[in-house]
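Dropping run.txt in here (compact mmCIF, C-alpha atoms):
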```
# COMPACT_ATOMS: atom_id res chain seq x y z
CA MET K 1 -33.56 -72.61 -0.67
CA GLU K 2 -36.47 -74.90 0.09
CA LEU K 3 -39.63 -74.03 -1.82
CA PHE K 4 -42.67 -74.85 0.25
CA THR K 5 -45.76 -76.63 -1.02
CA THR K 6 -49.28 -77.08 0.33
CA GLU K 7 -48.04 -80.34 1.85
CA SER K 8 -44.84 -79.09 3.50
CA LEU K 9 -46.01 -75.66 4.65
CA PRO K 10 -48.14 -76.77 7.67
CA GLY K 11 -45.21 -78.47 9.37
CA TYR K 12 -42.97 -75.50 8.71
CA LEU K 13 -45.51 -73.06 10.16
CA ARG K 14 -45.80 -75.17 13.32
CA SER K 15 -41.99 -75.31 13.66
CA LYS K 16 -41.85 -71.49 13.52
CA GLY K 17 -44.61 -71.08 16.07
CA TRP K 18 -46.87 -69.31 13.57
CA THR K 19 -49.54 -71.95 14.12
CA GLY K 20 -50.25 -74.05 17.19
CA SER K 21 -48.31 -77.28 17.71
CA SER K 22 -51.50 -79.32 17.41
CA GLU K 23 -53.08 -77.30 14.60
CA ASN K 24 -53.44 -78.67 11.10
CA PRO K 25 -54.07 -75.54 9.04
CA ARG K 26 -55.79 -75.60 5.67
CA VAL K 27 -53.34 -74.39 3.00
CA VAL K 28 -54.36 -73.35 -0.51
CA GLN K 29 -51.92 -72.14 -3.15
CA LEU K 30 -53.22 -69.00 -4.84
CA PRO K 31 -52.91 -68.20 -8.55
CA GLY K 32 -51.30 -65.11 -10.00
CA GLY K 33 -47.84 -63.69 -10.45
CA VAL K 34 -44.77 -65.35 -11.88
CA SER K 35 -42.19 -64.26 -9.32
CA CYS K 36 -43.49 -65.85 -6.11
CA HIS K 37 -45.63 -68.53 -4.55
CA LEU K 38 -48.62 -67.40 -2.52
CA PHE K 39 -50.47 -69.53 0.01
CA ARG K 40 -53.65 -68.83 1.92
CA VAL K 41 -53.45 -70.36 5.40
CA GLU K 42 -56.57 -70.92 7.50
CA THR K 43 -56.43 -72.00 11.12
CA GLY K 44 -59.02 -72.15 13.82
CA GLU K 45 -57.77 -68.84 15.21
CA ARG K 46 -56.72 -66.73 12.24
CA ASN K 47 -56.10 -66.60 8.50
CA PHE K 48 -53.07 -65.16 6.72
CA ILE K 49 -51.05 -65.21 3.50
CA VAL K 50 -47.56 -66.67 3.07
CA LYS K 51 -45.51 -65.21 0.22
CA GLN K 52 -42.24 -66.84 -0.87
CA ALA K 53 -40.03 -65.32 -3.59
CA LEU K 54 -38.81 -67.50 -6.46
CA GLU K 55 -35.31 -67.45 -7.91
CA ARG K 56 -36.45 -68.69 -11.33
CA LEU K 57 -39.57 -66.89 -12.46
CA GLU K 58 -42.35 -68.96 -13.97
CA VAL K 59 -42.31 -67.83 -17.60
CA LYS K 60 -41.42 -69.58 -20.87
CA VAL K 61 -37.94 -68.07 -21.19
CA GLU K 62 -35.26 -68.27 -18.51
CA TRP K 63 -35.71 -65.35 -16.11
CA LEU K 64 -33.66 -65.33 -12.92
CA SER K 65 -33.68 -62.89 -10.01
CA HIS K 66 -32.30 -63.29 -6.50
CA PRO K 67 -35.16 -63.89 -4.03
CA SER K 68 -33.69 -61.38 -1.56
CA ARG K 69 -35.85 -58.82 -3.41
CA ILE K 70 -38.60 -59.82 -1.00
CA PHE K 71 -36.82 -57.87 1.76
CA GLN K 72 -37.35 -54.70 -0.28
CA GLU K 73 -41.04 -55.51 -0.47
CA ILE K 74 -41.36 -55.95 3.29
CA ASP K 75 -39.55 -52.67 3.85
CA CYS K 76 -41.88 -50.82 1.47
CA LEU K 77 -45.06 -52.28 2.96
CA GLU K 78 -44.00 -51.14 6.40
CA TRP K 79 -42.95 -47.70 5.15
CA VAL K 80 -46.26 -47.08 3.34
CA ALA K 81 -48.25 -48.24 6.36
CA LYS K 82 -46.38 -45.77 8.56
CA HIS K 83 -46.05 -42.74 6.28
CA ILE K 84 -48.97 -42.84 3.82
CA ASP K 85 -51.95 -44.93 4.95
CA PRO K 86 -51.99 -48.32 6.71
CA ARG K 87 -55.35 -49.05 5.06
CA THR K 88 -53.73 -49.25 1.61
CA VAL K 89 -51.35 -52.19 2.20
CA PRO K 90 -51.57 -55.53 4.02
CA LYS K 91 -49.94 -55.69 7.44
CA VAL K 92 -46.70 -57.68 7.70
CA LEU K 93 -47.18 -60.37 10.37
CA GLY K 94 -43.82 -62.16 10.31
CA ARG K 95 -40.77 -62.89 8.16
CA ASP K 96 -38.19 -65.61 7.55
CA ASP K 97 -35.14 -64.24 5.77
CA GLU K 98 -33.53 -67.67 5.37
CA HIS K 99 -36.42 -68.88 3.24
CA PHE K 100 -37.15 -65.52 1.60
CA LEU K 101 -40.74 -65.35 2.74
CA PHE K 102 -43.08 -63.36 4.91
CA LEU K 103 -46.57 -63.53 6.37
CA MET K 104 -49.15 -60.85 5.75
CA ALA K 105 -52.73 -60.15 6.68
CA ILE K 106 -55.51 -61.42 4.48
CA ALA K 107 -58.05 -59.10 2.86
CA SER K 108 -61.64 -59.04 4.05
CA ASP K 109 -64.23 -61.26 2.40
CA GLY K 110 -65.47 -59.84 -0.86
CA ALA K 111 -62.13 -58.34 -1.93
CA GLU K 112 -61.41 -58.79 -5.65
CA ASN K 113 -58.36 -58.51 -7.82
CA TRP K 114 -58.68 -55.34 -9.89
CA LYS K 115 -57.27 -56.99 -13.02
CA GLN K 116 -59.98 -59.63 -12.96
CA CYS K 117 -62.63 -56.94 -12.55
CA LEU K 118 -61.30 -55.11 -15.58
CA LEU K 119 -61.04 -58.24 -17.74
CA ARG K 120 -64.70 -59.03 -17.21
CA GLY K 121 -65.59 -55.48 -18.28
CA ASP K 122 -66.22 -54.06 -14.82
CA VAL K 123 -64.46 -50.74 -15.39
CA ASP K 124 -64.83 -47.99 -12.79
CA PRO K 125 -62.96 -44.87 -13.92
CA GLY K 126 -63.46 -43.42 -10.44
CA PHE K 127 -61.38 -46.23 -8.96
CA ALA K 128 -58.63 -45.49 -11.50
CA GLU K 129 -58.74 -41.91 -10.23
CA LYS K 130 -58.08 -43.15 -6.66
CA VAL K 131 -55.15 -45.20 -7.92
CA GLY K 132 -53.70 -42.16 -9.68
CA ASP K 133 -54.10 -40.05 -6.56
CA PHE K 134 -52.27 -42.65 -4.45
CA LEU K 135 -49.39 -42.84 -6.91
CA GLY K 136 -49.09 -39.07 -7.04
CA ARG K 137 -48.95 -38.96 -3.26
CA LEU K 138 -46.27 -41.67 -3.13
CA HIS K 139 -44.08 -39.86 -5.63
CA ALA K 140 -44.60 -36.41 -4.12
CA LEU K 141 -43.90 -37.52 -0.55
CA THR K 142 -40.63 -39.21 -1.50
CA HIS K 143 -39.39 -36.65 -4.04
CA ASN K 144 -35.84 -35.49 -3.27
CA ASP K 145 -35.92 -37.30 0.09
CA VAL K 146 -32.32 -38.15 0.93
CA GLN K 147 -33.22 -40.79 3.52
CA ILE K 148 -35.65 -42.59 1.22
CA ALA K 149 -33.16 -42.37 -1.64
CA LYS K 150 -30.56 -44.11 0.52
CA ARG K 151 -33.00 -46.66 1.91
CA PHE K 152 -34.20 -47.75 -1.54
CA GLU K 153 -31.09 -47.07 -3.63
CA ASP K 154 -30.69 -50.68 -4.81
CA LYS K 155 -31.92 -50.86 -8.43
CA SER K 156 -30.61 -54.34 -9.19
CA ARG K 157 -34.06 -55.97 -9.08
CA PHE K 158 -35.49 -53.23 -11.28
CA GLU K 159 -32.63 -53.81 -13.71
CA GLU K 160 -33.26 -57.57 -13.80
CA LEU K 161 -37.05 -57.66 -13.79
CA ARG K 162 -37.92 -54.53 -15.74
CA LEU K 163 -35.08 -52.95 -17.72
CA ASP K 164 -33.62 -56.28 -18.89
CA ALA K 165 -36.81 -58.30 -19.20
CA TYR K 166 -38.99 -55.59 -20.69
CA LEU K 167 -36.90 -52.96 -22.47
CA ARG K 168 -33.55 -54.56 -23.38
CA PHE K 169 -35.13 -57.87 -24.38
CA THR K 170 -37.72 -56.10 -26.54
CA SER K 171 -35.20 -53.75 -28.15
CA ARG K 172 -33.23 -56.73 -29.46
CA LYS K 173 -36.32 -57.80 -31.41
CA HIS K 174 -36.78 -54.33 -32.89
CA SER K 175 -33.31 -53.21 -33.93
CA ASP K 176 -34.64 -50.09 -35.64
CA LEU K 177 -35.80 -48.82 -32.24
CA GLU K 178 -32.79 -49.96 -30.23
CA PRO K 179 -31.12 -46.51 -29.96
CA LEU K 180 -34.30 -45.01 -28.49
CA PHE K 181 -34.67 -47.93 -26.07
CA THR K 182 -31.03 -47.55 -25.02
CA GLU K 183 -31.55 -43.85 -24.34
CA GLU K 184 -34.63 -44.60 -22.22
CA ILE K 185 -32.89 -47.38 -20.29
CA GLU K 186 -30.05 -45.02 -19.39
CA LYS K 187 -32.53 -42.39 -18.23
CA LEU K 188 -34.44 -44.82 -16.01
CA SER K 189 -31.28 -46.42 -14.68
CA SER K 190 -29.65 -43.15 -13.62
CA ALA K 191 -32.68 -41.20 -12.35
CA ARG K 192 -33.05 -40.53 -8.62
CA ILE K 193 -36.31 -38.60 -8.28
CA SER K 194 -38.74 -40.50 -6.05
CA LEU K 195 -39.73 -43.91 -4.71
CA VAL K 196 -40.95 -46.00 -7.65
CA HIS K 197 -43.04 -49.16 -7.22
CA GLY K 198 -41.94 -50.72 -10.51
CA ASP K 199 -45.04 -52.89 -11.04
CA TYR K 200 -47.91 -50.42 -10.83
CA SER K 201 -50.40 -52.79 -12.41
CA PRO K 202 -54.08 -53.69 -11.85
CA LYS K 203 -53.03 -57.23 -10.89
CA ASN K 204 -51.40 -55.79 -7.78
CA PHE K 205 -54.53 -54.08 -6.45
CA LEU K 206 -57.22 -55.69 -4.34
CA VAL K 207 -60.53 -53.84 -4.53
CA LEU K 208 -62.00 -53.90 -1.02
CA PRO K 209 -65.74 -54.09 -0.29
CA ASP K 210 -65.71 -50.59 1.24
CA GLY K 211 -64.37 -49.07 -2.00
CA GLY K 212 -60.79 -48.84 -0.78
CA PHE K 213 -57.85 -50.94 -1.92
CA TRP K 214 -54.76 -52.84 -0.90
CA PHE K 215 -51.67 -52.33 -3.05
CA LEU K 216 -49.33 -55.32 -3.26
CA ASP K 217 -46.03 -56.62 -4.70
CA TRP K 218 -43.33 -54.06 -3.93
CA GLU K 219 -40.40 -56.35 -4.73
CA VAL K 220 -38.92 -54.18 -7.52
CA ALA K 221 -39.42 -50.88 -5.68
CA HIS K 222 -36.48 -48.48 -5.91
CA TYR K 223 -35.57 -44.82 -5.92
CA GLY K 224 -35.81 -43.82 -9.56
CA HIS K 225 -37.92 -42.16 -12.24
CA PRO K 226 -41.66 -41.81 -11.45
CA ALA K 227 -42.61 -41.86 -15.14
CA PHE K 228 -42.10 -45.63 -15.12
CA ASP K 229 -45.01 -46.21 -12.72
CA VAL K 230 -47.32 -43.85 -14.59
CA ALA K 231 -46.54 -45.42 -17.98
CA PHE K 232 -46.77 -48.95 -16.59
CA CYS K 233 -50.33 -48.39 -15.34
CA LEU K 234 -51.53 -46.37 -18.33
CA ASN K 235 -50.32 -49.17 -20.56
CA HIS K 236 -52.80 -51.60 -18.99
CA PHE K 237 -55.79 -49.34 -19.58
CA LEU K 238 -54.79 -48.76 -23.20
CA ILE K 239 -54.16 -52.42 -24.06
CA LYS K 240 -57.46 -53.46 -22.48
CA SER K 241 -59.30 -50.73 -24.39
CA LEU K 242 -58.49 -52.65 -27.58
CA PHE K 243 -58.88 -56.11 -26.07
CA LEU K 244 -62.42 -55.27 -24.87
CA PRO K 245 -63.70 -52.82 -27.51
CA ASP K 246 -67.19 -52.68 -25.98
CA CYS K 247 -65.60 -51.11 -22.89
CA ARG K 248 -63.18 -48.87 -24.79
CA ASP K 249 -64.71 -45.57 -23.71
CA SER K 250 -64.60 -46.61 -20.05
CA PHE K 251 -60.97 -47.71 -20.24
CA LEU K 252 -59.95 -44.48 -21.95
CA GLU K 253 -61.84 -42.45 -19.37
CA ALA K 254 -60.02 -44.44 -16.67
CA ALA K 255 -56.73 -43.47 -18.32
CA ARG K 256 -57.71 -39.79 -18.40
CA LEU K 257 -58.86 -39.69 -14.77
CA PHE K 258 -55.83 -41.67 -13.57
CA TRP K 259 -53.48 -39.15 -15.21
CA ALA K 260 -55.44 -36.11 -14.01
CA ALA K 261 -55.46 -37.34 -10.41
CA TYR K 262 -51.79 -38.27 -10.55
CA ARG K 263 -50.79 -34.91 -12.00
CA ALA K 264 -52.82 -32.99 -9.42
CA LYS K 265 -51.38 -34.85 -6.43
CA SER K 266 -47.78 -35.09 -7.65
CA ALA K 267 -47.81 -31.34 -8.40
CA GLU K 268 -47.22 -30.83 -4.67
CA ALA K 269 -43.59 -31.70 -5.46
CA GLY K 270 -43.45 -29.90 -8.80
CA THR K 271 -43.70 -31.41 -12.28
CA LEU K 272 -42.34 -34.94 -11.97
CA VAL K 273 -43.67 -36.57 -15.16
CA THR K 274 -44.18 -34.89 -18.51
CA PHE K 275 -45.08 -35.54 -22.12
CA PRO K 276 -43.69 -36.42 -24.62
CA HIS K 277 -41.45 -38.63 -22.43
CA LEU K 278 -44.47 -40.33 -20.85
CA GLY K 279 -46.02 -41.13 -24.24
CA ARG K 280 -42.82 -42.64 -25.62
CA LEU K 281 -42.19 -44.76 -22.51
CA THR K 282 -45.79 -46.00 -22.55
CA GLY K 283 -45.26 -47.12 -26.15
CA MET K 284 -42.08 -48.97 -25.22
CA LEU K 285 -43.82 -50.79 -22.38
CA MET K 286 -46.73 -51.65 -24.67
CA LEU K 287 -44.35 -53.19 -27.19
CA ALA K 288 -42.70 -55.07 -24.31
CA ARG K 289 -46.04 -56.59 -23.31
CA ILE K 290 -46.18 -58.18 -26.76
CA ASP K 291 -42.54 -59.01 -27.45
CA GLY K 292 -40.85 -58.93 -24.03
CA LYS K 293 -40.19 -61.70 -21.54
CA SER K 294 -43.57 -61.18 -19.85
CA PRO K 295 -46.17 -60.80 -22.63
CA VAL K 296 -49.79 -60.05 -21.79
CA GLU K 297 -51.33 -63.50 -21.42
CA TYR K 298 -54.84 -62.55 -22.54
CA VAL K 299 -53.76 -61.07 -25.88
CA THR K 300 -53.60 -64.20 -28.05
CA SER K 301 -54.92 -62.92 -31.38
CA GLU K 302 -52.12 -62.27 -33.88
CA ASP K 303 -54.20 -59.47 -35.40
CA LEU K 304 -54.45 -57.69 -32.04
CA LYS K 305 -50.75 -58.24 -31.33
CA GLN K 306 -49.86 -56.66 -34.64
CA ARG K 307 -52.23 -53.76 -34.06
CA LEU K 308 -50.65 -53.10 -30.66
CA ARG K 309 -47.18 -53.27 -32.20
CA THR K 310 -48.18 -50.71 -34.83
CA ILE K 311 -49.63 -48.29 -32.28
CA ALA K 312 -46.72 -48.78 -29.88
CA LYS K 313 -44.13 -48.06 -32.56
CA LYS K 314 -45.94 -44.89 -33.59
CA MET K 315 -46.01 -43.81 -29.92
CA ILE K 316 -42.24 -44.34 -29.76
CA LEU K 317 -41.35 -42.68 -33.06
CA GLU K 318 -44.00 -39.94 -32.94
CA PRO K 319 -44.57 -39.31 -29.22
CA VAL K 320 -47.64 -37.28 -28.30
CA GLU K 321 -47.53 -33.95 -26.47
CA GLU K 322 -50.50 -34.50 -24.13
CA MET K 323 -52.90 -37.11 -22.76
CA LYS K 324 -55.69 -36.08 -25.14
CA GLN K 325 -53.55 -37.02 -28.13
CA LEU K 326 -52.52 -40.30 -26.54
CA VAL K 327 -56.14 -41.32 -25.97
CA GLU K 328 -57.13 -40.33 -29.49
CA ARG K 329 -54.76 -42.93 -30.91
CA PHE K 330 -56.90 -45.63 -29.31
CA MET K 331 -60.30 -44.28 -30.33
CA ALA K 332 -60.26 -45.26 -34.00
```
Show me, as structure tokens, the structure contained in the file I just sent.
Amino acid sequence: MELFTTESLPGYLRSKGWTGSSENPRVVQLPGGVSCHLFRVETGERNFIVKQALERLEVKVEWLSHPSRIFQEIDCLEWVAKHIDPRTVPKVLGRDDEHFLFLMAIASDGAENWKQCLLRGDVDPGFAEKVGDFLGRLHALTHNDVQIAKRFEDKSRFEELRLDAYLRFTSRKHSDLEPLFTEEIEKLSSARISLVHGDYSPKNFLVLPDGGFWFLDWEVAHYGHPAFDVAFCLNHFLIKSLFLPDCRDSFLEAARLFWAAYRAKSAEAGTLVTFPHLGRLTGMLMLARIDGKSPVEYVTSEDLKQRLRTIAKKMILEPVEEMKQLVERFMA
């Protein structure tokens, strides 16, 4: 598979008819993510994004995943646009299966990556509430849906990019916890409850100027256990509450509102996610963000890493019974 660069992409786009034969588009490679290359393309007529999946992910340890996962992402973007809200995802403009890439619309000027907002201390708990509501709607709408279950039954990318890279890899570094990790892996691997995004993280949200959002990166989506998405997102609020202690109250309020909104919306399909399972899984994912294949890049202090390990292990061994107890562990 040819990996395109800022130099080779213009000619390719012209050969596909995606830009005019005489156009010389401006191409800028965008930062972010380890599993794909993103390019912003600007022509005289229109602007768009090109996303190409990588076979070898850009991390320190070897991490391979077949780039065909990008087809799953395209499928999910189109499904969400049709069945939930087209304003919440970028529109797919074209695809090239041979090169494992697609074109998508570009966000309006002024859009910001939510992760970057949070890291500079711009924490809006109300936005976290919107994100929880959206996730609850996604899980409720797809709960026990036979057609969706069949359409997104392939869990191989989730196995490679999440269960192997996060949970199995981490469990080998903490042999005392390995039986609990093995039990959780089996639960996540076998569950067929709803459509799960698999990377429900602030880095995958664009905050739009009108207060809405675009939700990106559906390449590990699958039909599985909704608790994974909830824990994955909660984990980010909790880690950042310790990384930016001056904003701790805001991050913890974001966690509370996210969970409350999720629980209210997902209740339309019954009780999909419960404690203490959610607390234990959140602890496992927290430990994985320190000792897994994809550690949190902004946590560099050994003291903070050890503090997170200590809290995460307690969450695994002594799982909480409710959100209030979970938050309290981060307030000291």
### Message
Just checking: using all atoms listed in the file, which residue out of K:His37, K:Lys293, K:His66, K:Arg248 ends up closest to K:Pro125?
### Response
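Once distances to K:Pro125 are computed over all atoms listed in the file, the minimum belongs to K:Arg248.
Shortest atom-to-atom contact with K:Phe127 among K:Pro319, K:Gly224, K:Gly211, K:Gly270: K:Gly211, counting all atoms listed in the file.
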#### Entry: Residue with smallest distance to K:Ile185 - pool K:Ser171, K:Glu328, K:Leu244, K:Leu163, counting all atoms listed in the file
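Using all atoms listed in the file, the shortest distance to K:Ile185 belongs to K:Leu163.
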### Query
Looking at K:Ala221, K:Val146, K:Leu119, K:Ala107, which one is nearest to K:Asp75, with distances taken over only C-alpha atoms?
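Nearest candidate to K:Asp75 out of K:Ala221, K:Val146, K:Leu119, K:Ala107: K:Ala221.
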### Counting all atoms listed in the file, the option among K:Ala269, K:Met331, K:Ala231, K:Leu287 closest to K:Cys247
K:Met331
### Message
Which residues are near stretch 101-105 of chain K? Cut-off 9 Å, only C-alpha atoms, ignore same chain within fewer than 5 positions. Put them as a VMD selection string.
### Response
chain K and resid 47 to 53 67 70 to 71 74 90 to 96
Write the residues of the preceding selection, restricted to C-alpha atoms, as a PDB file, in the coordinates of the input.
```pdb
ATOM      1  CA  ASN K  47     -56.100 -66.600   8.500  1.00  0.00           C
ATOM      2  CA  PHE K  48     -53.070 -65.160   6.720  1.00  0.00           C
ATOM      3  CA  ILE K  49     -51.050 -65.210   3.500  1.00  0.00           C
ATOM      4  CA  VAL K  50     -47.560 -66.670   3.070  1.00  0.00           C
ATOM      5  CA  LYS K  51     -45.510 -65.210   0.220  1.00  0.00           C
ATOM      6  CA  GLN K  52     -42.240 -66.840  -0.870  1.00  0.00           C
ATOM      7  CA  ALA K  53     -40.030 -65.320  -3.590  1.00  0.00           C
ATOM      8  CA  PRO K  67     -35.160 -63.890  -4.030  1.00  0.00           C
ATOM      9  CA  ILE K  70     -38.600 -59.820  -1.000  1.00  0.00           C
ATOM     10  CA  PHE K  71     -36.820 -57.870   1.760  1.00  0.00           C
ATOM     11  CA  ILE K  74     -41.360 -55.950   3.290  1.00  0.00           C
ATOM     12  CA  PRO K  90     -51.570 -55.530   4.020  1.00  0.00           C
ATOM     13  CA  LYS K  91     -49.940 -55.690   7.440  1.00  0.00           C
ATOM     14  CA  VAL K  92     -46.700 -57.680   7.700  1.00  0.00           C
ATOM     15  CA  LEU K  93     -47.180 -60.370  10.370  1.00  0.00           C
ATOM     16  CA  GLY K  94     -43.820 -62.160  10.310  1.00  0.00           C
ATOM     17  CA  ARG K  95     -40.770 -62.890   8.160  1.00  0.00           C
ATOM     18  CA  ASP K  96     -38.190 -65.610   7.550  1.00  0.00           C
TER      19      ASP K  96
END
```
### Query
Looking at all atoms listed in the file, which of K:Ala261, K:Leu242, K:Met315, K:Leu38 is the one that sits closest to K:Asp303?
K:Leu242
### Query
Which neighbours of K:Glu318 fall inside 10 Å, counting all atoms listed in the file, when residues of the same chain fewer than 2 positions from it are skipped, and could you give them as a list in words?
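My reading of the contact set: Pro276, Gly279, Arg280, Gly283, Ala312, Lys313, Lys314, Met315, Ile316, Val320 and Glu321 of chain K.
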As a PDB file, keeping the file's coordinate frame, the rebuilt stretch 150-163 of chain K with N, CA and C atoms:
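Saved file result_36.pdb follows:
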```
ATOM      1  N   LYS K 150     -31.570 -43.194  -0.001  1.00  0.00           N
ATOM      2  CA  LYS K 150     -30.560 -44.110   0.520  1.00  0.00           C
ATOM      3  C   LYS K 150     -31.173 -45.454   0.868  1.00  0.00           C
ATOM      4  N   ARG K 151     -32.343 -45.431   1.461  1.00  0.00           N
ATOM      5  CA  ARG K 151     -33.000 -46.660   1.910  1.00  0.00           C
ATOM      6  C   ARG K 151     -33.370 -47.569   0.741  1.00  0.00           C
ATOM      7  N   PHE K 152     -33.735 -46.965  -0.400  1.00  0.00           N
ATOM      8  CA  PHE K 152     -34.200 -47.750  -1.540  1.00  0.00           C
ATOM      9  C   PHE K 152     -33.301 -47.514  -2.762  1.00  0.00           C
ATOM     10  N   GLU K 153     -32.009 -47.379  -2.539  1.00  0.00           N
ATOM     11  CA  GLU K 153     -31.090 -47.070  -3.630  1.00  0.00           C
ATOM     12  C   GLU K 153     -30.784 -48.266  -4.523  1.00  0.00           C
ATOM     13  N   ASP K 154     -31.017 -49.474  -4.041  1.00  0.00           N
ATOM     14  CA  ASP K 154     -30.690 -50.680  -4.810  1.00  0.00           C
ATOM     15  C   ASP K 154     -31.654 -50.824  -5.996  1.00  0.00           C
ATOM     16  N   LYS K 155     -31.123 -50.723  -7.210  1.00  0.00           N
ATOM     17  CA  LYS K 155     -31.920 -50.860  -8.430  1.00  0.00           C
ATOM     18  C   LYS K 155     -31.690 -52.196  -9.134  1.00  0.00           C
ATOM     19  N   SER K 156     -30.982 -53.099  -8.507  1.00  0.00           N
ATOM     20  CA  SER K 156     -30.610 -54.340  -9.190  1.00  0.00           C
ATOM     21  C   SER K 156     -31.827 -55.156  -9.595  1.00  0.00           C
ATOM     22  N   ARG K 157     -32.850 -55.200  -8.730  1.00  0.00           N
ATOM     23  CA  ARG K 157     -34.060 -55.970  -9.080  1.00  0.00           C
ATOM     24  C   ARG K 157     -34.821 -55.296 -10.216  1.00  0.00           C
ATOM     25  N   PHE K 158     -34.851 -53.977 -10.198  1.00  0.00           N
ATOM     26  CA  PHE K 158     -35.490 -53.230 -11.280  1.00  0.00           C
ATOM     27  C   PHE K 158     -34.744 -53.480 -12.591  1.00  0.00           C
ATOM     28  N   GLU K 159     -33.419 -53.513 -12.518  1.00  0.00           N
ATOM     29  CA  GLU K 159     -32.630 -53.810 -13.710  1.00  0.00           C
ATOM     30  C   GLU K 159     -32.953 -55.196 -14.252  1.00  0.00           C
ATOM     31  N   GLU K 160     -33.022 -56.187 -13.377  1.00  0.00           N
ATOM     32  CA  GLU K 160     -33.260 -57.570 -13.800  1.00  0.00           C
ATOM     33  C   GLU K 160     -34.684 -57.771 -14.317  1.00  0.00           C
ATOM     34  N   LEU K 161     -35.649 -57.305 -13.536  1.00  0.00           N
ATOM     35  CA  LEU K 161     -37.050 -57.660 -13.790  1.00  0.00           C
ATOM     36  C   LEU K 161     -37.780 -56.691 -14.699  1.00  0.00           C
ATOM     37  N   ARG K 162     -37.235 -55.500 -14.900  1.00  0.00           N
ATOM     38  CA  ARG K 162     -37.920 -54.530 -15.740  1.00  0.00           C
ATOM     39  C   ARG K 162     -37.038 -54.072 -16.909  1.00  0.00           C
ATOM     40  N   LEU K 163     -35.889 -53.475 -16.628  1.00  0.00           N
ATOM     41  CA  LEU K 163     -35.080 -52.950 -17.720  1.00  0.00           C
ATOM     42  C   LEU K 163     -34.575 -54.073 -18.634  1.00  0.00           C
TER      43      LEU K 163
END
```
